[in-house]
>>> print(open('protein32.txt').read())   # compact mmCIF, C-alpha atoms and all ligand atoms
# COMPACT_ATOMS: atom_id res chain seq x y z
CA MET A 1 0.00 0.00 0.00
CA ASP A 2 1.24 3.49 -0.82
CA ILE A 3 0.95 5.19 2.54
CA SER A 4 1.86 8.58 1.06
CA SER A 5 -1.33 8.72 -1.05
CA SER A 6 -4.14 10.98 0.11
CA PRO A 7 -7.19 9.27 1.56
CA THR A 8 -10.21 9.21 -0.72
CA ALA A 9 -13.88 9.43 0.11
CA GLU A 10 -16.41 6.74 -0.70
CA ARG A 11 -20.15 6.59 -0.78
CA LEU A 12 -21.34 4.71 2.30
CA SER A 13 -24.11 2.13 2.01
CA ARG A 14 -25.18 2.80 5.59
CA TYR A 15 -24.64 5.45 8.23
CA THR A 16 -26.36 4.67 11.50
CA GLN A 17 -25.69 5.67 15.11
CA ALA A 18 -22.99 2.99 15.11
CA GLU A 19 -21.07 4.61 12.24
CA GLN A 20 -21.47 8.05 13.84
CA ARG A 21 -20.08 6.64 17.10
CA GLU A 22 -17.17 5.11 15.19
CA ILE A 23 -16.22 8.65 14.14
CA LEU A 24 -17.27 10.83 17.06
CA GLY A 25 -17.33 8.46 20.02
CA GLU A 26 -20.01 8.30 22.69
CA GLY A 27 -20.40 12.01 23.47
CA VAL A 28 -23.94 13.20 24.17
CA ASP A 29 -23.78 16.30 21.97
CA PRO A 30 -20.96 15.78 19.46
CA PHE A 31 -22.16 18.56 17.13
CA GLY A 32 -22.59 21.10 19.94
CA VAL A 33 -26.13 22.02 18.92
CA ALA A 34 -28.23 20.40 21.66
CA ASP A 35 -28.87 23.78 23.29
CA THR A 36 -30.84 24.90 20.24
CA GLY A 37 -33.48 22.28 21.09
CA LEU A 38 -34.06 21.78 17.36
CA THR A 39 -35.47 18.66 15.74
CA TRP A 40 -33.32 17.55 12.79
CA LEU A 41 -33.81 15.34 9.74
CA PRO A 42 -31.56 12.36 9.16
CA LYS A 43 -29.47 12.52 6.02
CA GLU A 44 -30.24 10.17 3.11
CA GLU A 45 -26.91 9.84 1.32
CA HIS A 46 -23.58 9.47 3.01
CA PHE A 47 -19.96 9.99 2.08
CA GLY A 48 -17.12 8.89 4.28
CA VAL A 49 -13.39 8.50 4.54
CA ARG A 50 -11.67 5.42 5.95
CA LEU A 51 -8.15 5.21 7.27
CA ASP A 52 -6.91 1.63 7.55
CA GLY A 53 -10.49 0.44 7.40
CA ARG A 54 -11.70 2.69 10.21
CA LEU A 55 -14.41 5.21 9.34
CA VAL A 56 -13.02 8.62 10.35
CA ALA A 57 -15.01 11.23 8.42
CA HIS A 58 -18.54 11.76 7.16
CA THR A 59 -20.71 14.21 5.25
CA GLY A 60 -24.41 13.57 4.67
CA LEU A 61 -26.90 14.89 2.10
CA LEU A 62 -30.60 15.01 1.53
CA ARG A 63 -33.04 16.82 -0.70
CA ILE A 64 -34.98 19.50 1.13
CA PRO A 65 -37.95 21.61 0.04
CA VAL A 66 -37.18 25.32 0.22
CA THR A 67 -38.84 28.54 -0.79
CA ILE A 68 -36.38 31.03 -2.30
CA ALA A 69 -37.69 34.52 -2.98
CA GLY A 70 -41.23 33.16 -3.01
CA VAL A 71 -40.53 30.24 -5.37
CA ASP A 72 -40.83 26.65 -4.16
CA VAL A 73 -37.79 24.62 -5.21
CA GLU A 74 -35.55 21.92 -3.80
CA ALA A 75 -32.08 22.35 -2.38
CA VAL A 76 -29.53 19.82 -1.22
CA GLY A 77 -29.12 19.95 2.53
CA VAL A 78 -25.69 19.07 3.90
CA GLY A 79 -25.20 17.92 7.45
CA GLY A 80 -23.61 15.52 9.87
CA VAL A 81 -20.15 16.77 8.90
CA ALA A 82 -17.85 14.95 11.28
CA VAL A 83 -14.21 13.93 11.63
CA ALA A 84 -12.78 11.72 14.37
CA PRO A 85 -11.12 13.90 17.03
CA ASP A 86 -7.69 12.30 16.67
CA VAL A 87 -7.42 12.98 12.92
CA ARG A 88 -8.85 16.49 12.66
CA GLY A 89 -6.93 19.24 10.91
CA ARG A 90 -5.67 16.96 8.14
CA GLY A 91 -8.18 17.88 5.44
CA LEU A 92 -10.54 14.96 5.99
CA ALA A 93 -13.63 17.16 6.31
CA ARG A 94 -12.61 18.68 2.98
CA THR A 95 -12.25 15.21 1.44
CA ALA A 96 -15.68 14.05 2.62
CA MET A 97 -17.35 17.36 1.70
CA THR A 98 -15.76 17.40 -1.77
CA ALA A 99 -17.15 13.93 -2.52
CA ALA A 100 -20.57 14.85 -1.14
CA LEU A 101 -20.75 18.05 -3.20
CA ALA A 102 -19.62 16.26 -6.37
CA HIS A 103 -22.63 14.02 -5.92
CA ALA A 104 -24.90 16.92 -4.94
CA ARG A 105 -24.10 18.59 -8.28
CA THR A 106 -25.63 15.59 -10.07
CA MET A 107 -28.88 15.66 -8.07
CA GLY A 108 -30.56 18.58 -9.84
CA PRO A 109 -31.07 21.31 -7.22
CA ARG A 110 -29.09 24.48 -7.76
CA HIS A 111 -28.22 25.27 -4.14
CA GLY A 112 -26.54 23.49 -1.27
CA LEU A 113 -27.52 24.61 2.23
CA LEU A 114 -26.07 23.92 5.65
CA PHE A 115 -26.49 25.19 9.19
CA CYS A 116 -23.54 25.54 11.53
CA ARG A 117 -22.34 27.05 14.76
CA PRO A 118 -20.73 30.49 14.26
CA PRO A 119 -17.15 29.30 15.01
CA LEU A 120 -17.34 26.96 12.01
CA VAL A 121 -18.19 29.70 9.49
CA PRO A 122 -14.53 30.34 8.49
CA LEU A 123 -13.93 26.62 7.99
CA TYR A 124 -16.92 26.27 5.67
CA GLN A 125 -15.96 29.47 3.85
CA ARG A 126 -12.61 27.84 3.20
CA LEU A 127 -14.54 24.93 1.69
CA GLY A 128 -16.39 27.27 -0.70
CA TRP A 129 -19.54 28.01 1.31
CA ARG A 130 -21.02 31.51 1.61
CA THR A 131 -22.86 33.02 4.54
CA LEU A 132 -26.48 33.99 4.25
CA ASP A 133 -27.17 37.03 6.36
CA GLU A 134 -30.94 36.80 6.44
CA ASP A 135 -33.16 35.05 8.93
CA VAL A 136 -34.13 31.60 7.72
CA ARG A 137 -37.34 29.98 8.87
CA VAL A 138 -37.36 26.22 9.36
CA GLU A 139 -40.14 23.87 10.36
CA GLN A 140 -40.27 22.38 13.84
CA PRO A 141 -42.86 20.18 15.56
CA GLY A 142 -44.59 23.27 16.99
CA GLY A 143 -44.48 25.25 13.73
CA PRO A 144 -41.89 27.44 11.98
CA VAL A 145 -39.00 29.00 13.93
CA ILE A 146 -36.09 31.24 12.99
CA MET A 147 -32.95 29.12 12.65
CA PRO A 148 -30.63 30.17 15.50
CA LEU A 149 -27.50 28.77 13.82
CA ARG A 150 -25.69 30.34 10.87
CA THR A 151 -27.01 29.47 7.42
CA MET A 152 -24.51 28.90 4.61
CA TRP A 153 -25.03 28.08 0.96
CA THR A 154 -23.00 27.00 -2.02
CA PRO A 155 -23.89 26.99 -5.73
CA LEU A 156 -24.27 23.50 -7.20
CA HIS A 157 -24.55 24.78 -10.76
CA ASP A 158 -22.23 27.35 -12.33
CA ASP A 159 -24.92 29.98 -12.76
CA ALA A 160 -26.68 29.46 -9.42
CA ASP A 161 -27.21 32.66 -7.49
CA LEU A 162 -29.25 33.19 -4.36
CA PRO A 163 -31.67 36.03 -5.02
CA ALA A 164 -32.55 38.37 -2.18
CA GLY A 165 -36.04 38.01 -0.86
CA GLY A 166 -35.86 35.42 1.83
CA ILE A 167 -35.33 31.73 2.12
CA ARG A 168 -37.53 29.35 4.04
CA LEU A 169 -37.07 25.67 4.67
CA ARG A 170 -40.37 23.81 4.32
CA SER A 171 -39.08 20.89 6.40
CA PHE A 172 -37.15 20.25 9.57
CA PRO A 173 -33.48 21.28 9.19
CA MET A 174 -30.71 18.76 8.44
C1 LIG B 1 -15.75 20.57 11.98
C2 LIG B 1 -14.91 19.34 11.67
C3 LIG B 1 -15.73 18.39 10.80
C4 LIG B 1 -13.64 19.79 10.88
O1 LIG B 1 -12.88 18.64 10.53
P1 LIG B 1 -11.32 18.74 10.09
O2 LIG B 1 -10.91 17.41 9.60
O3 LIG B 1 -10.54 19.33 11.19
O4 LIG B 1 -11.42 19.76 8.88
P2 LIG B 1 -10.33 19.91 7.70
O5 LIG B 1 -8.96 19.61 8.21
O6 LIG B 1 -10.79 19.15 6.50
O7 LIG B 1 -10.43 21.48 7.41
C5 LIG B 1 -11.22 21.96 6.35
C6 LIG B 1 -10.61 23.27 5.86
O8 LIG B 1 -10.96 24.30 6.79
C7 LIG B 1 -9.77 24.96 7.20
N1 LIG B 1 -9.99 25.44 8.57
C8 LIG B 1 -10.06 24.71 9.69
N2 LIG B 1 -10.30 25.51 10.73
C9 LIG B 1 -10.40 26.77 10.23
C10 LIG B 1 -10.64 28.04 10.81
N3 LIG B 1 -10.84 28.19 12.12
N4 LIG B 1 -10.66 29.11 10.00
C11 LIG B 1 -10.45 28.98 8.67
N5 LIG B 1 -10.24 27.79 8.07
C12 LIG B 1 -10.20 26.71 8.85
C13 LIG B 1 -8.67 23.93 7.05
O9 LIG B 1 -7.41 24.53 6.92
C14 LIG B 1 -9.12 23.23 5.78
O10 LIG B 1 -8.78 24.01 4.65
P3 LIG B 1 -7.61 23.55 3.64
O11 LIG B 1 -8.01 22.16 3.20
O12 LIG B 1 -7.67 24.55 2.53
O13 LIG B 1 -6.35 23.58 4.44
C15 LIG B 1 -14.44 18.63 12.97
O14 LIG B 1 -13.81 19.56 13.82
C16 LIG B 1 -15.57 17.95 13.73
O15 LIG B 1 -15.93 16.78 13.44
N6 LIG B 1 -16.16 18.65 14.73
C17 LIG B 1 -17.25 18.08 15.55
C18 LIG B 1 -18.53 17.89 14.78
C19 LIG B 1 -19.05 19.22 14.21
O16 LIG B 1 -19.15 20.21 14.90
N7 LIG B 1 -19.38 19.17 12.91
C20 LIG B 1 -19.89 20.32 12.19
C21 LIG B 1 -21.38 20.28 12.12
S1 LIG B 1 -22.00 21.69 11.21
>>> encode(input="protein32.txt", output="structure tokens")
Amino acid sequence: MDISSSPTAERLSRYTQAEQREILGEGVDPFGVADTGLTWLPKEEHFGVRLDGRLVAHTGLLRIPVTIAGVDVEAVGVGGVAVAPDVRGRGLARTAMTAALAHARTMGPRHGLLFCRPPLVPLYQRLGWRTLDEDVRVEQPGGPVIMPLRTMWTPLHDDADLPAGGIRLRSFPM
């Protein structure tokens, strides 16, 4: 095996609590978002990176219904971005995200969307994401709420822009 080669991402056939624990361990709030009290959607497609057979990084995707400037469309929601604590800072989030976004570009929707804690904004900007400085409404069991986390987006098609005029998620967030 050429140990100098960069790790590559693969599409995962399953990503359950067990795979998440393999990456992030047993912590109760590994994404640091429990204090928002939000209800989240599971992701439907999964991309991961293995090192010596061990799953160490993940990015998930799903189609989400959104309203952009009054028009109902779909976007690709990105979430569950995770890298094992002992191998962070080596570009593995980039590797998993790059594979996930390559697939997202084939899905049809023009926009990728993610929600993150404010300290992660510079990291996602480095990965090509842009901040959205408007309030974003998302559905919750008790009705719509304003998303308390930062919203970021990325174009999935060359000509995709995000027109002003508000964006609303017509589902739970991812
Ligand atoms: C967030 C997380 C996934 C990052 O994983 P990572 O493997 O350390 O990330 P990477 O090494 O791939 O870094 C991605 C890029 O961001 C850059 N970056 C990292 N921290 C940065 C910062 N504070 N400011 C600017 N850029 C930063 C890296 O340099 C890298 O860019 P490069 O490839 O051009 O050098 C990881 O810390 C994690 O799993 N945290 C816990 C779970 C979590 O909070 N997930 C996010 C949910 S939204």
>>> residues_around(input="protein32.txt", residues="region 99-102 of chain A", least_positions_apart="3", cutoff="10 Å", atoms="only C-alpha atoms", output="PyMOL selection string")
chain A and resi 8-11+45-49+58-61+76+78+94-96+105-107+112+154-156
>>> residues_near_ligand(input="protein32.txt", ligand="ligand LIG 1 (chain B)", cutoff="7 Å", atoms="all atoms listed in the file", output="PyMOL selection string")
chain A and resi 30-32+79-85+87-95+115-117+120+122-124+126-127
>>> residues_around(input="protein32.txt", residues="region 159-168 of chain A", least_positions_apart="4", cutoff="12 Å", atoms="all atoms listed in the file", output="CSV table (one decimal) with C-alpha atoms, in the frame of the given file")
chain,number,residue,atom,x,y,z
A,64,ILE,CA,-35.0,19.5,1.1
A,65,PRO,CA,-38.0,21.6,0.0
A,66,VAL,CA,-37.2,25.3,0.2
A,67,THR,CA,-38.8,28.5,-0.8
A,68,ILE,CA,-36.4,31.0,-2.3
A,69,ALA,CA,-37.7,34.5,-3.0
A,70,GLY,CA,-41.2,33.2,-3.0
A,71,VAL,CA,-40.5,30.2,-5.4
A,72,ASP,CA,-40.8,26.6,-4.2
A,73,VAL,CA,-37.8,24.6,-5.2
A,74,GLU,CA,-35.6,21.9,-3.8
A,75,ALA,CA,-32.1,22.4,-2.4
A,105,ARG,CA,-24.1,18.6,-8.3
A,108,GLY,CA,-30.6,18.6,-9.8
A,109,PRO,CA,-31.1,21.3,-7.2
A,110,ARG,CA,-29.1,24.5,-7.8
A,111,HIS,CA,-28.2,25.3,-4.1
A,112,GLY,CA,-26.5,23.5,-1.3
A,113,LEU,CA,-27.5,24.6,2.2
A,130,ARG,CA,-21.0,31.5,1.6
A,131,THR,CA,-22.9,33.0,4.5
A,132,LEU,CA,-26.5,34.0,4.2
A,133,ASP,CA,-27.2,37.0,6.4
A,134,GLU,CA,-30.9,36.8,6.4
A,135,ASP,CA,-33.2,35.0,8.9
A,136,VAL,CA,-34.1,31.6,7.7
A,137,ARG,CA,-37.3,30.0,8.9
A,138,VAL,CA,-37.4,26.2,9.4
A,139,GLU,CA,-40.1,23.9,10.4
A,144,PRO,CA,-41.9,27.4,12.0
A,145,VAL,CA,-39.0,29.0,13.9
A,146,ILE,CA,-36.1,31.2,13.0
A,147,MET,CA,-33.0,29.1,12.6
A,151,THR,CA,-27.0,29.5,7.4
A,152,MET,CA,-24.5,28.9,4.6
A,153,TRP,CA,-25.0,28.1,1.0
A,154,THR,CA,-23.0,27.0,-2.0
A,155,PRO,CA,-23.9,27.0,-5.7
A,172,PHE,CA,-37.2,20.2,9.6
A,173,PRO,CA,-33.5,21.3,9.2
>>> atom_distance(input="protein32.txt", atom1="CA of Ala57 (chain A)", atom2="CA of Thr98 (chain A)")
11.9 Å
>>> atom_distance(input="protein32.txt", atom1="CA of Ala18 (chain A)", atom2="CA of Leu149 (chain A)")
26.2 Å
>>> closest_residue(input="protein32.txt", among="A:Glu22, A:Gly143, A:His157, A:Gly128", to="Thr39 (chain A)", atoms="all atoms listed in the file")
A:Gly143
>>> atom_distance(input="protein32.txt", atom1="CA of Trp129 (chain A)", atom2="CA of Val33 (chain A)")
19.7 Å
>>> axis_aligned_box(input="protein32.txt", around="region 98-106 of chain A", padding_each_side="4 Å", output="JSON")
{"center_x": -20.7, "center_y": 16.3, "center_z": -5.6, "size_x": 17.9, "size_y": 12.7, "size_z": 16.9}
>>> decode(input="protein32.txt", residues="region 5-150 of chain A", atoms="C-alpha atoms", output="PDB file, in the first residue's frame")
ATOM      1  CA  SER A   5      -1.332   8.724  -1.049  1.00  0.00           C
ATOM      2  CA  SER A   6      -4.144  10.976   0.111  1.00  0.00           C
ATOM      3  CA  PRO A   7      -7.192   9.265   1.561  1.00  0.00           C
ATOM      4  CA  THR A   8     -10.208   9.207  -0.723  1.00  0.00           C
ATOM      5  CA  ALA A   9     -13.876   9.429   0.111  1.00  0.00           C
ATOM      6  CA  GLU A  10     -16.412   6.739  -0.699  1.00  0.00           C
ATOM      7  CA  ARG A  11     -20.150   6.585  -0.780  1.00  0.00           C
ATOM      8  CA  LEU A  12     -21.345   4.714   2.305  1.00  0.00           C
ATOM      9  CA  SER A  13     -24.106   2.133   2.006  1.00  0.00           C
ATOM     10  CA  ARG A  14     -25.182   2.801   5.594  1.00  0.00           C
ATOM     11  CA  TYR A  15     -24.642   5.447   8.233  1.00  0.00           C
ATOM     12  CA  THR A  16     -26.358   4.667  11.497  1.00  0.00           C
ATOM     13  CA  GLN A  17     -25.692   5.671  15.106  1.00  0.00           C
ATOM     14  CA  ALA A  18     -22.992   2.985  15.114  1.00  0.00           C
ATOM     15  CA  GLU A  19     -21.068   4.610  12.244  1.00  0.00           C
ATOM     16  CA  GLN A  20     -21.475   8.047  13.838  1.00  0.00           C
ATOM     17  CA  ARG A  21     -20.084   6.644  17.103  1.00  0.00           C
ATOM     18  CA  GLU A  22     -17.175   5.109  15.189  1.00  0.00           C
ATOM     19  CA  ILE A  23     -16.221   8.650  14.145  1.00  0.00           C
ATOM     20  CA  LEU A  24     -17.271  10.828  17.055  1.00  0.00           C
ATOM     21  CA  GLY A  25     -17.334   8.458  20.017  1.00  0.00           C
ATOM     22  CA  GLU A  26     -20.013   8.301  22.688  1.00  0.00           C
ATOM     23  CA  GLY A  27     -20.403  12.013  23.468  1.00  0.00           C
ATOM     24  CA  VAL A  28     -23.941  13.198  24.172  1.00  0.00           C
ATOM     25  CA  ASP A  29     -23.775  16.302  21.965  1.00  0.00           C
ATOM     26  CA  PRO A  30     -20.959  15.782  19.463  1.00  0.00           C
ATOM     27  CA  PHE A  31     -22.165  18.562  17.133  1.00  0.00           C
ATOM     28  CA  GLY A  32     -22.591  21.095  19.943  1.00  0.00           C
ATOM     29  CA  VAL A  33     -26.131  22.025  18.922  1.00  0.00           C
ATOM     30  CA  ALA A  34     -28.225  20.403  21.659  1.00  0.00           C
ATOM     31  CA  ASP A  35     -28.866  23.781  23.295  1.00  0.00           C
ATOM     32  CA  THR A  36     -30.839  24.897  20.240  1.00  0.00           C
ATOM     33  CA  GLY A  37     -33.475  22.277  21.092  1.00  0.00           C
ATOM     34  CA  LEU A  38     -34.056  21.779  17.362  1.00  0.00           C
ATOM     35  CA  THR A  39     -35.472  18.661  15.744  1.00  0.00           C
ATOM     36  CA  TRP A  40     -33.318  17.548  12.794  1.00  0.00           C
ATOM     37  CA  LEU A  41     -33.814  15.344   9.740  1.00  0.00           C
ATOM     38  CA  PRO A  42     -31.557  12.361   9.156  1.00  0.00           C
ATOM     39  CA  LYS A  43     -29.466  12.524   6.015  1.00  0.00           C
ATOM     40  CA  GLU A  44     -30.237  10.166   3.109  1.00  0.00           C
ATOM     41  CA  GLU A  45     -26.908   9.842   1.316  1.00  0.00           C
ATOM     42  CA  HIS A  46     -23.581   9.469   3.009  1.00  0.00           C
ATOM     43  CA  PHE A  47     -19.962   9.988   2.076  1.00  0.00           C
ATOM     44  CA  GLY A  48     -17.124   8.886   4.276  1.00  0.00           C
ATOM     45  CA  VAL A  49     -13.391   8.501   4.542  1.00  0.00           C
ATOM     46  CA  ARG A  50     -11.674   5.415   5.947  1.00  0.00           C
ATOM     47  CA  LEU A  51      -8.145   5.207   7.266  1.00  0.00           C
ATOM     48  CA  ASP A  52      -6.912   1.627   7.550  1.00  0.00           C
ATOM     49  CA  GLY A  53     -10.494   0.437   7.403  1.00  0.00           C
ATOM     50  CA  ARG A  54     -11.696   2.694  10.205  1.00  0.00           C
ATOM     51  CA  LEU A  55     -14.413   5.206   9.336  1.00  0.00           C
ATOM     52  CA  VAL A  56     -13.020   8.617  10.346  1.00  0.00           C
ATOM     53  CA  ALA A  57     -15.008  11.235   8.420  1.00  0.00           C
ATOM     54  CA  HIS A  58     -18.540  11.758   7.161  1.00  0.00           C
ATOM     55  CA  THR A  59     -20.709  14.212   5.254  1.00  0.00           C
ATOM     56  CA  GLY A  60     -24.414  13.575   4.671  1.00  0.00           C
ATOM     57  CA  LEU A  61     -26.896  14.893   2.105  1.00  0.00           C
ATOM     58  CA  LEU A  62     -30.602  15.014   1.527  1.00  0.00           C
ATOM     59  CA  ARG A  63     -33.044  16.816  -0.696  1.00  0.00           C
ATOM     60  CA  ILE A  64     -34.976  19.505   1.131  1.00  0.00           C
ATOM     61  CA  PRO A  65     -37.954  21.609   0.043  1.00  0.00           C
ATOM     62  CA  VAL A  66     -37.178  25.325   0.217  1.00  0.00           C
ATOM     63  CA  THR A  67     -38.838  28.539  -0.792  1.00  0.00           C
ATOM     64  CA  ILE A  68     -36.377  31.030  -2.296  1.00  0.00           C
ATOM     65  CA  ALA A  69     -37.691  34.523  -2.980  1.00  0.00           C
ATOM     66  CA  GLY A  70     -41.235  33.161  -3.009  1.00  0.00           C
ATOM     67  CA  VAL A  71     -40.525  30.244  -5.368  1.00  0.00           C
ATOM     68  CA  ASP A  72     -40.831  26.653  -4.158  1.00  0.00           C
ATOM     69  CA  VAL A  73     -37.790  24.618  -5.211  1.00  0.00           C
ATOM     70  CA  GLU A  74     -35.549  21.916  -3.802  1.00  0.00           C
ATOM     71  CA  ALA A  75     -32.081  22.346  -2.380  1.00  0.00           C
ATOM     72  CA  VAL A  76     -29.530  19.817  -1.225  1.00  0.00           C
ATOM     73  CA  GLY A  77     -29.120  19.951   2.528  1.00  0.00           C
ATOM     74  CA  VAL A  78     -25.695  19.073   3.905  1.00  0.00           C
ATOM     75  CA  GLY A  79     -25.196  17.923   7.452  1.00  0.00           C
ATOM     76  CA  GLY A  80     -23.607  15.521   9.869  1.00  0.00           C
ATOM     77  CA  VAL A  81     -20.146  16.768   8.897  1.00  0.00           C
ATOM     78  CA  ALA A  82     -17.848  14.950  11.284  1.00  0.00           C
ATOM     79  CA  VAL A  83     -14.214  13.930  11.629  1.00  0.00           C
ATOM     80  CA  ALA A  84     -12.782  11.723  14.368  1.00  0.00           C
ATOM     81  CA  PRO A  85     -11.122  13.899  17.031  1.00  0.00           C
ATOM     82  CA  ASP A  86      -7.692  12.300  16.667  1.00  0.00           C
ATOM     83  CA  VAL A  87      -7.421  12.977  12.919  1.00  0.00           C
ATOM     84  CA  ARG A  88      -8.853  16.493  12.656  1.00  0.00           C
ATOM     85  CA  GLY A  89      -6.933  19.237  10.905  1.00  0.00           C
ATOM     86  CA  ARG A  90      -5.672  16.956   8.135  1.00  0.00           C
ATOM     87  CA  GLY A  91      -8.177  17.878   5.444  1.00  0.00           C
ATOM     88  CA  LEU A  92     -10.542  14.958   5.991  1.00  0.00           C
ATOM     89  CA  ALA A  93     -13.631  17.162   6.310  1.00  0.00           C
ATOM     90  CA  ARG A  94     -12.612  18.682   2.982  1.00  0.00           C
ATOM     91  CA  THR A  95     -12.251  15.210   1.444  1.00  0.00           C
ATOM     92  CA  ALA A  96     -15.683  14.049   2.622  1.00  0.00           C
ATOM     93  CA  MET A  97     -17.346  17.365   1.702  1.00  0.00           C
ATOM     94  CA  THR A  98     -15.760  17.401  -1.774  1.00  0.00           C
ATOM     95  CA  ALA A  99     -17.154  13.930  -2.517  1.00  0.00           C
ATOM     96  CA  ALA A 100     -20.573  14.845  -1.140  1.00  0.00           C
ATOM     97  CA  LEU A 101     -20.751  18.051  -3.195  1.00  0.00           C
ATOM     98  CA  ALA A 102     -19.616  16.264  -6.369  1.00  0.00           C
ATOM     99  CA  HIS A 103     -22.629  14.018  -5.921  1.00  0.00           C
ATOM    100  CA  ALA A 104     -24.903  16.917  -4.943  1.00  0.00           C
ATOM    101  CA  ARG A 105     -24.097  18.585  -8.284  1.00  0.00           C
ATOM    102  CA  THR A 106     -25.634  15.592 -10.066  1.00  0.00           C
ATOM    103  CA  MET A 107     -28.881  15.664  -8.073  1.00  0.00           C
ATOM    104  CA  GLY A 108     -30.561  18.579  -9.845  1.00  0.00           C
ATOM    105  CA  PRO A 109     -31.072  21.311  -7.224  1.00  0.00           C
ATOM    106  CA  ARG A 110     -29.086  24.481  -7.756  1.00  0.00           C
ATOM    107  CA  HIS A 111     -28.217  25.270  -4.138  1.00  0.00           C
ATOM    108  CA  GLY A 112     -26.536  23.492  -1.268  1.00  0.00           C
ATOM    109  CA  LEU A 113     -27.524  24.606   2.226  1.00  0.00           C
ATOM    110  CA  LEU A 114     -26.075  23.921   5.654  1.00  0.00           C
ATOM    111  CA  PHE A 115     -26.491  25.192   9.193  1.00  0.00           C
ATOM    112  CA  CYS A 116     -23.538  25.541  11.533  1.00  0.00           C
ATOM    113  CA  ARG A 117     -22.341  27.046  14.765  1.00  0.00           C
ATOM    114  CA  PRO A 118     -20.727  30.488  14.263  1.00  0.00           C
ATOM    115  CA  PRO A 119     -17.151  29.300  15.013  1.00  0.00           C
ATOM    116  CA  LEU A 120     -17.338  26.958  12.014  1.00  0.00           C
ATOM    117  CA  VAL A 121     -18.190  29.696   9.494  1.00  0.00           C
ATOM    118  CA  PRO A 122     -14.530  30.344   8.494  1.00  0.00           C
ATOM    119  CA  LEU A 123     -13.934  26.624   7.990  1.00  0.00           C
ATOM    120  CA  TYR A 124     -16.916  26.272   5.669  1.00  0.00           C
ATOM    121  CA  GLN A 125     -15.959  29.470   3.850  1.00  0.00           C
ATOM    122  CA  ARG A 126     -12.611  27.844   3.204  1.00  0.00           C
ATOM    123  CA  LEU A 127     -14.541  24.933   1.689  1.00  0.00           C
ATOM    124  CA  GLY A 128     -16.385  27.273  -0.696  1.00  0.00           C
ATOM    125  CA  TRP A 129     -19.535  28.012   1.312  1.00  0.00           C
ATOM    126  CA  ARG A 130     -21.020  31.508   1.614  1.00  0.00           C
ATOM    127  CA  THR A 131     -22.856  33.019   4.542  1.00  0.00           C
ATOM    128  CA  LEU A 132     -26.478  33.989   4.252  1.00  0.00           C
ATOM    129  CA  ASP A 133     -27.171  37.026   6.365  1.00  0.00           C
ATOM    130  CA  GLU A 134     -30.945  36.797   6.440  1.00  0.00           C
ATOM    131  CA  ASP A 135     -33.163  35.045   8.931  1.00  0.00           C
ATOM    132  CA  VAL A 136     -34.134  31.598   7.719  1.00  0.00           C
ATOM    133  CA  ARG A 137     -37.344  29.977   8.866  1.00  0.00           C
ATOM    134  CA  VAL A 138     -37.360  26.219   9.358  1.00  0.00           C
ATOM    135  CA  GLU A 139     -40.141  23.871  10.364  1.00  0.00           C
ATOM    136  CA  GLN A 140     -40.275  22.382  13.842  1.00  0.00           C
ATOM    137  CA  PRO A 141     -42.863  20.177  15.562  1.00  0.00           C
ATOM    138  CA  GLY A 142     -44.592  23.265  16.988  1.00  0.00           C
ATOM    139  CA  GLY A 143     -44.479  25.252  13.734  1.00  0.00           C
ATOM    140  CA  PRO A 144     -41.893  27.443  11.981  1.00  0.00           C
ATOM    141  CA  VAL A 145     -39.001  29.002  13.929  1.00  0.00           C
ATOM    142  CA  ILE A 146     -36.091  31.239  12.992  1.00  0.00           C
ATOM    143  CA  MET A 147     -32.949  29.118  12.651  1.00  0.00           C
ATOM    144  CA  PRO A 148     -30.628  30.166  15.501  1.00  0.00           C
ATOM    145  CA  LEU A 149     -27.502  28.770  13.823  1.00  0.00           C
ATOM    146  CA  ARG A 150     -25.690  30.341  10.866  1.00  0.00           C
TER     147      ARG A 150
END
